[in-house]
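**Student:** As input, take entry_33.csv (CSV, C-alpha atoms):
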```csv
chain,number,residue,atom,x,y,z
A,1,MET,CA,-5.1,18.2,-20.1
A,2,ASP,CA,-2.8,16.3,-17.8
A,3,SER,CA,-5.2,13.8,-16.2
A,4,THR,CA,-2.7,12.8,-13.5
A,5,THR,CA,-2.6,16.2,-11.9
A,6,SER,CA,-5.7,15.4,-9.9
A,7,GLN,CA,-4.2,12.1,-8.6
A,8,ASN,CA,-2.9,11.5,-5.1
A,9,ASN,CA,0.8,12.0,-5.6
A,10,ILE,CA,2.2,10.1,-2.7
A,11,PHE,CA,5.2,8.9,-4.8
A,12,PRO,CA,7.3,10.3,-7.6
A,13,LYS,CA,5.8,9.6,-11.0
A,14,GLY,CA,8.3,6.9,-12.0
A,15,GLN,CA,9.0,5.6,-15.5
A,16,LEU,CA,6.6,5.2,-18.5
A,17,GLY,CA,5.1,1.7,-18.6
A,18,SER,CA,6.2,-0.3,-21.7
A,19,VAL,CA,4.0,-0.3,-24.7
A,20,ASP,CA,4.6,-4.1,-24.7
A,21,TYR,CA,2.4,-4.4,-21.6
A,22,PHE,CA,0.2,-1.3,-21.5
A,23,THR,CA,-2.1,0.7,-23.7
A,24,GLY,CA,-2.0,4.5,-23.1
A,25,THR,CA,0.1,6.5,-20.7
A,26,VAL,CA,1.1,4.6,-17.5
A,27,TRP,CA,3.7,5.6,-14.9
A,28,VAL,CA,5.4,2.9,-12.8
A,29,THR,CA,7.3,3.5,-9.6
A,30,PRO,CA,9.1,0.5,-8.0
A,31,LEU,CA,8.8,0.7,-4.2
A,32,LEU,CA,10.2,-2.6,-2.9
A,33,ALA,CA,11.8,-5.6,-4.5
A,34,ASP,CA,11.3,-9.3,-3.6
A,35,ASP,CA,14.2,-9.7,-1.1
A,36,GLY,CA,13.9,-13.2,0.1
A,37,VAL,CA,12.1,-12.1,3.3
A,38,ASN,CA,9.2,-10.4,1.6
A,39,HIS,CA,8.1,-12.8,-1.2
A,40,PHE,CA,6.5,-10.0,-3.2
A,41,SER,CA,7.4,-6.8,-4.9
A,42,ILE,CA,5.6,-3.5,-4.4
A,43,GLY,CA,5.1,-0.8,-7.0
A,44,ASN,CA,2.9,2.3,-7.6
A,45,VAL,CA,1.1,2.6,-10.9
A,46,VAL,CA,-0.6,5.7,-12.3
A,47,PHE,CA,-2.9,5.1,-15.3
A,48,GLU,CA,-3.9,8.2,-17.1
A,49,ALA,CA,-7.6,8.3,-18.4
A,50,GLY,CA,-8.0,5.6,-21.1
A,51,ALA,CA,-4.9,3.7,-20.1
A,52,ARG,CA,-4.9,0.0,-19.1
A,53,ALA,CA,-2.7,-3.0,-18.6
A,54,ASN,CA,-2.7,-5.9,-21.1
A,55,TRP,CA,-4.5,-9.0,-20.2
A,56,HIS,CA,-2.2,-11.0,-17.9
A,57,THR,CA,-1.8,-13.6,-15.1
A,58,HIS,CA,0.2,-13.9,-11.9
A,59,PRO,CA,1.5,-17.3,-10.7
A,60,ARG,CA,0.9,-16.4,-7.0
A,61,GLY,CA,-1.7,-13.6,-7.3
A,62,GLN,CA,-1.5,-9.9,-6.7
A,63,VAL,CA,-3.2,-7.3,-4.4
A,64,LEU,CA,-4.2,-3.9,-5.6
A,65,ILE,CA,-4.8,-0.9,-3.3
A,66,VAL,CA,-6.5,1.9,-5.2
A,67,THR,CA,-5.2,5.2,-3.8
A,68,ASP,CA,-7.0,7.6,-6.2
A,69,GLY,CA,-9.3,7.9,-9.2
A,70,GLN,CA,-11.6,5.4,-10.9
A,71,GLY,CA,-11.1,2.5,-13.2
A,72,PHE,CA,-11.8,-1.2,-13.8
A,73,TYR,CA,-10.7,-4.7,-12.9
A,74,GLN,CA,-11.9,-7.5,-15.2
A,75,GLU,CA,-11.4,-11.2,-15.1
A,76,LYS,CA,-11.7,-13.0,-18.4
A,77,GLY,CA,-15.3,-14.1,-19.1
A,78,LYS,CA,-16.8,-11.9,-16.4
A,79,PRO,CA,-18.2,-8.4,-16.3
A,80,ALA,CA,-15.7,-5.6,-15.5
A,81,GLN,CA,-15.8,-4.3,-11.9
A,82,PRO,CA,-15.6,-0.6,-11.4
A,83,ILE,CA,-12.9,0.2,-8.9
A,84,LYS,CA,-12.2,3.5,-7.1
A,85,LYS,CA,-10.0,5.1,-4.4
A,86,GLY,CA,-10.0,3.0,-1.2
A,87,ASP,CA,-10.8,-0.3,-2.9
A,88,VAL,CA,-8.6,-3.4,-2.3
A,89,ILE,CA,-8.6,-6.1,-5.1
A,90,ASN,CA,-7.3,-9.5,-4.2
A,91,ILE,CA,-6.4,-11.2,-7.6
A,92,PRO,CA,-6.2,-15.0,-7.5
A,93,PRO,CA,-3.3,-16.9,-9.0
A,94,HIS,CA,-3.5,-17.9,-12.7
A,95,VAL,CA,-6.7,-15.9,-13.4
A,96,GLU,CA,-6.5,-13.9,-16.6
A,97,HIS,CA,-7.4,-10.3,-16.0
A,98,TRP,CA,-6.7,-6.6,-16.6
A,99,HIS,CA,-6.9,-3.4,-14.7
A,100,GLY,CA,-6.7,0.2,-15.6
A,101,ALA,CA,-8.2,3.7,-15.6
A,102,SER,CA,-11.7,4.5,-16.9
A,103,ALA,CA,-12.1,6.5,-20.1
A,104,ASN,CA,-12.7,9.7,-18.2
A,105,SER,CA,-10.7,9.4,-15.0
A,106,ALA,CA,-7.1,8.5,-14.1
A,107,MET,CA,-6.6,5.7,-11.6
A,108,THR,CA,-3.6,5.1,-9.2
A,109,HIS,CA,-3.0,1.9,-7.4
A,110,ILE,CA,-0.3,0.3,-5.3
A,111,ALA,CA,0.4,-3.3,-6.5
A,112,ILE,CA,1.7,-6.0,-4.2
A,113,THR,CA,2.8,-8.9,-6.4
A,114,ASN,CA,3.6,-12.3,-5.0
A,115,PHE,CA,6.6,-14.2,-6.5
A,116,GLU,CA,6.9,-17.9,-7.4
A,117,LYS,CA,10.7,-18.1,-7.5
A,118,GLU,CA,11.6,-15.5,-10.2
A,119,GLU,CA,8.2,-15.5,-11.8
A,120,PHE,CA,5.5,-12.9,-11.0
A,121,VAL,CA,3.6,-12.1,-14.2
A,122,THR,CA,2.7,-13.5,-17.6
A,123,TRP,CA,1.8,-10.9,-20.1
A,124,LEU,CA,-0.9,-11.7,-22.7
A,125,THR,CA,-2.7,-9.6,-25.4
A,126,PRO,CA,-3.8,-6.0,-25.2
A,127,VAL,CA,-7.3,-5.0,-24.1
A,128,THR,CA,-8.6,-3.9,-27.5
A,129,ASP,CA,-10.3,-0.5,-28.0
A,130,ALA,CA,-13.6,-2.5,-28.6
A,131,GLU,CA,-13.3,-4.4,-25.4
A,132,TYR,CA,-12.4,-1.2,-23.5
A,133,LYS,CA,-15.2,0.8,-25.0
A,134,GLU,CA,-17.8,-1.8,-24.1
A,135,VAL,CA,-16.6,-1.8,-20.5
A,136,ASN,CA,-16.9,2.0,-20.3
A,137,LEU,CA,-20.3,2.0,-21.8
A,138,THR,CA,-21.8,-0.6,-19.5
A,139,LYS,CA,-20.4,0.6,-16.1
B,1,MET,CA,-7.7,20.5,16.8
B,2,ASP,CA,-8.3,17.3,14.9
B,3,SER,CA,-4.8,16.5,13.7
B,4,THR,CA,-6.1,13.8,11.3
B,5,THR,CA,-8.1,16.2,9.1
B,6,SER,CA,-5.0,17.1,7.1
B,7,GLN,CA,-4.3,13.4,6.5
B,8,ASN,CA,-4.8,11.7,3.2
B,9,ASN,CA,-8.1,9.9,3.8
B,10,ILE,CA,-7.9,7.1,1.3
B,11,PHE,CA,-9.7,4.7,3.6
B,12,PRO,CA,-12.4,4.9,6.3
B,13,LYS,CA,-10.9,5.9,9.7
B,14,GLY,CA,-11.4,2.4,11.3
B,15,GLN,CA,-11.3,1.5,14.9
B,16,LEU,CA,-9.3,3.0,17.8
B,17,GLY,CA,-6.1,1.1,18.4
B,18,SER,CA,-5.9,-0.7,21.7
B,19,VAL,CA,-4.3,1.1,24.7
B,20,ASP,CA,-2.5,-2.2,25.3
B,21,TYR,CA,-0.4,-1.6,22.1
B,22,PHE,CA,-0.5,2.1,21.4
B,23,THR,CA,0.1,5.4,23.2
B,24,GLY,CA,-2.2,8.3,22.0
B,25,THR,CA,-4.9,8.2,19.4
B,26,VAL,CA,-4.5,5.7,16.6
B,27,TRP,CA,-7.0,4.5,14.1
B,28,VAL,CA,-6.7,1.0,12.5
B,29,THR,CA,-8.5,-0.1,9.3
B,30,PRO,CA,-8.0,-3.7,8.2
B,31,LEU,CA,-7.7,-4.0,4.4
B,32,LEU,CA,-6.8,-7.6,3.8
B,33,ALA,CA,-6.4,-10.8,5.9
B,34,ASP,CA,-3.8,-13.5,5.5
B,35,ASP,CA,-5.7,-15.9,3.3
B,36,GLY,CA,-3.3,-18.7,2.6
B,37,VAL,CA,-2.4,-17.2,-0.8
B,38,ASN,CA,-1.1,-13.9,0.5
B,39,HIS,CA,1.0,-14.8,3.5
B,40,PHE,CA,0.5,-11.3,5.0
B,41,SER,CA,-2.2,-9.0,6.2
B,42,ILE,CA,-2.6,-5.4,5.1
B,43,GLY,CA,-4.0,-2.5,7.3
B,44,ASN,CA,-4.1,1.2,7.3
B,45,VAL,CA,-3.0,3.0,10.4
B,46,VAL,CA,-3.5,6.7,11.3
B,47,PHE,CA,-1.4,8.1,14.2
B,48,GLU,CA,-2.5,11.4,15.4
B,49,ALA,CA,0.2,13.8,16.5
B,50,GLY,CA,2.1,12.4,19.5
B,51,ALA,CA,0.7,8.9,19.0
B,52,ARG,CA,3.0,5.8,18.6
B,53,ALA,CA,3.0,2.0,18.7
B,54,ASN,CA,4.6,0.2,21.6
B,55,TRP,CA,8.0,-1.4,21.0
B,56,HIS,CA,7.4,-4.7,19.2
B,57,THR,CA,8.8,-7.4,16.9
B,58,HIS,CA,7.5,-9.3,13.8
B,59,PRO,CA,8.5,-12.9,13.3
B,60,ARG,CA,8.7,-12.4,9.4
B,61,GLY,CA,9.0,-8.7,9.2
B,62,GLN,CA,6.7,-5.9,8.0
B,63,VAL,CA,6.7,-3.2,5.3
B,64,LEU,CA,5.3,0.3,5.9
B,65,ILE,CA,4.2,2.6,3.2
B,66,VAL,CA,3.8,6.1,4.5
B,67,THR,CA,0.9,7.8,2.7
B,68,ASP,CA,0.8,11.1,4.6
B,69,GLY,CA,2.3,13.2,7.4
B,70,GLN,CA,5.5,12.8,9.3
B,71,GLY,CA,6.8,10.5,12.1
B,72,PHE,CA,9.5,8.2,13.2
B,73,TYR,CA,10.8,4.6,12.9
B,74,GLN,CA,13.2,3.5,15.5
B,75,GLU,CA,15.1,0.2,16.0
B,76,LYS,CA,16.2,-0.6,19.6
B,77,GLY,CA,19.7,0.8,20.3
B,78,LYS,CA,19.7,3.0,17.1
B,79,PRO,CA,18.8,6.6,16.5
B,80,ALA,CA,15.2,7.2,15.3
B,81,GLN,CA,14.7,7.8,11.6
B,82,PRO,CA,12.3,10.6,10.6
B,83,ILE,CA,9.8,9.2,8.1
B,84,LYS,CA,7.4,11.0,5.8
B,85,LYS,CA,4.8,10.7,3.0
B,86,GLY,CA,6.2,8.5,0.2
B,87,ASP,CA,8.7,6.6,2.3
B,88,VAL,CA,8.8,2.8,2.4
B,89,ILE,CA,10.3,1.1,5.5
B,90,ASN,CA,11.3,-2.6,5.3
B,91,ILE,CA,11.4,-3.9,8.9
B,92,PRO,CA,13.5,-7.1,9.3
B,93,PRO,CA,12.2,-10.1,11.3
B,94,HIS,CA,12.8,-10.1,15.1
B,95,VAL,CA,14.1,-6.6,15.3
B,96,GLU,CA,12.6,-4.7,18.2
B,97,HIS,CA,11.3,-1.3,17.0
B,98,TRP,CA,8.4,1.2,17.1
B,99,HIS,CA,6.8,3.6,14.7
B,100,GLY,CA,4.4,6.5,15.1
B,101,ALA,CA,3.6,10.2,14.4
B,102,SER,CA,5.9,13.0,15.4
B,103,ALA,CA,4.9,15.3,18.3
B,104,ASN,CA,3.6,18.0,15.9
B,105,SER,CA,2.3,16.0,12.9
B,106,ALA,CA,-0.1,13.1,12.3
B,107,MET,CA,1.3,10.2,10.2
B,108,THR,CA,-0.6,7.6,8.1
B,109,HIS,CA,0.9,4.4,6.8
B,110,ILE,CA,-0.2,1.2,5.1
B,111,ALA,CA,1.3,-1.8,6.9
B,112,ILE,CA,2.0,-5.1,5.1
B,113,THR,CA,2.7,-7.7,7.9
B,114,ASN,CA,4.1,-11.1,7.0
B,115,PHE,CA,2.8,-14.1,8.9
B,116,GLU,CA,4.6,-17.1,10.4
B,117,LYS,CA,1.7,-19.5,10.7
B,118,GLU,CA,-0.6,-17.6,12.9
B,119,GLU,CA,2.0,-15.3,14.4
B,120,PHE,CA,2.7,-11.8,13.1
B,121,VAL,CA,3.6,-9.5,16.1
B,122,THR,CA,4.9,-9.6,19.6
B,123,TRP,CA,4.0,-6.6,21.6
B,124,LEU,CA,6.5,-5.2,24.2
B,125,THR,CA,6.6,-2.1,26.4
B,126,PRO,CA,5.3,1.3,25.6
B,127,VAL,CA,7.6,4.0,24.2
B,128,THR,CA,7.8,6.2,27.3
B,129,ASP,CA,7.2,9.9,27.2
B,130,ALA,CA,10.9,10.4,28.0
B,131,GLU,CA,12.0,8.2,25.0
B,132,TYR,CA,9.5,9.9,22.7
B,133,LYS,CA,10.5,13.5,23.8
B,134,GLU,CA,14.2,12.8,23.2
B,135,VAL,CA,13.4,11.5,19.6
B,136,ASN,CA,11.4,14.6,18.8
B,137,LEU,CA,14.1,17.0,20.2
B,138,THR,CA,16.9,15.5,18.2
B,139,LYS,CA,15.2,15.0,14.8
```
When written as structure tokens, how does the structure in this file appear?
**Tutor:**
Amino acid sequence: MDSTTSQNNIFPKGQLGSVDYFTGTVWVTPLLADDGVNHFSIGNVVFEAGARANWHTHPRGQVLIVTDGQGFYQEKGKPAQPIKKGDVINIPPHVEHWHGASANSAMTHIAITNFEKEEFVTWLTPVTDAEYKEVNLTK
Amino acid sequence: MDSTTSQNNIFPKGQLGSVDYFTGTVWVTPLLADDGVNHFSIGNVVFEAGARANWHTHPRGQVLIVTDGQGFYQEKGKPAQPIKKGDVINIPPHVEHWHGASANSAMTHIAITNFEKEEFVTWLTPVTDAEYKEVNLTK
């Protein structure tokens, strides 16, 4: 089953997200680069069911606009928040977190990532299968 | 005919855009305010067929992400550009322009508007019926 076929395909599917930063199948489409006028980049990210980003931080924060499906946003040490189509998530600077699809649904979001000079993300460890399973059981 | 029913309804429809700034039926949904971390606001705008913004400028520019339908983006003194679902428009600071639906299709976009202190837009004159008709004839 291609779990992305039900997603809201506003943009081309893009490139596969690196296994260094993601677990599962993730498609990333760059939409806008930091250009010195806009101090952020914009990208579209499709997470197939079960897929998620590693834990990570942003030096100046990030805004997610969920355009389809269902998933999770979790800050370290806090319960995961279910997120769905139409939700906007305002991620503070320096807060360790992850986001991704739920186990049974794909999730697509636009990400607006603020830049601090050339820096915009620090990647950390994967969300383990045990961590991810617990989030999906307790939603 | 409700020309918005075919649009990609990711967000609630929002409030009617002011007749002071728009011609025709436009729905505006605020998604994120400038909060001192993100130096921009985000909103969703649905233009029904025939609807358009007045001519205007932004002191720090604006990015549009077209999520459904078809319309136009025009900078003063240049030909109008047809825009459609999936397009990203990077509007420079201080450039007089307008955007809106085409005569026969609604158009929906997310707008990311950079702030200069409290300022983000200067509204100018309406796009006249004659200006709008010419754009739709020559697309």
**Student:** Select, from B:Thr125, B:Asn9, B:Thr57, B:Thr138, the residue with the minimum atom-to-atom distance to Pro82 in chain B, counting all atoms listed in the file.
**Tutor:**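 Distance minimum relative to Pro82 in chain B lands on B:Thr138.
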**Student:** Using only C-alpha atoms, select each residue of chain A with any atom at most 6 Å away from an atom of chain B, and give the selection as a PDB file with C-alpha atoms, in the frame of the given file.
**Tutor:**
```pdb
ATOM      1  CA  ILE A  10       2.200  10.100  -2.700  1.00  0.00           C
ATOM      2  CA  PHE A  11       5.200   8.900  -4.800  1.00  0.00           C
ATOM      3  CA  GLY A  86     -10.000   3.000  -1.200  1.00  0.00           C
TER       4      GLY A  86
END
```
**Student:** With all atoms listed in the file as the counted atoms, please give the residues lying no more than 8 Å from Val121 in chain B, apart from itself and same-chain residues fewer than 2 positions off, as a list in words.
**Tutor:**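 Listing them by chain and then by number gives His56, Thr57, His58, Pro59, Glu119 and Trp123 of chain B.
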**Student:** Distance CA of Val127 in chain B-CA of Trp55 in chain B, one decimal place?
**Tutor:**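 According to the coordinates, CA of Val127 in chain B and CA of Trp55 in chain B are separated by 6.3 Å.
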**Student:** Rounded to one decimal, what separation in Å do you get between CA of Pro126 in chain A and CA of Ala53 in chain A?
**Tutor:** 7.3 Å
**Student:** B:Thr108, B:Thr128, B:Asn136, B:Thr29: which is nearest Phe47 in chain B, counting all atoms listed in the file?
**Tutor:**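 So, comparing all the options, the nearest one is B:Thr108.
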**Student:** Mind giving me the straight-line distance from CA of Leu137 in chain A to CA of Val26 in chain A in Å, one decimal?
**Tutor:**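 Calculated distance between CA of Leu137 in chain A and CA of Val26 in chain A is 22.0 Å.
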**Student:** Any idea what's packed within 6 Å of Gly69 in chain A, counting all atoms listed in the file, ignoring anything in its chain fewer than 2 positions away? Could you give it as a list in words?
**Tutor:**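 Non-adjacent residues within range: Lys84, Lys85, Ala106 and Met107 of chain A.
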**Student:** Please produce a file of those selected residues containing C-alpha atoms, as a compact mmCIF listing (two decimals), keeping the file's coordinate frame.
**Tutor:**
```txt
# COMPACT_ATOMS: atom_id res chain seq x y z
CA LYS A 84 -12.20 3.50 -7.10
CA LYS A 85 -10.00 5.10 -4.40
CA ALA A 106 -7.10 8.50 -14.10
CA MET A 107 -6.60 5.70 -11.60
```
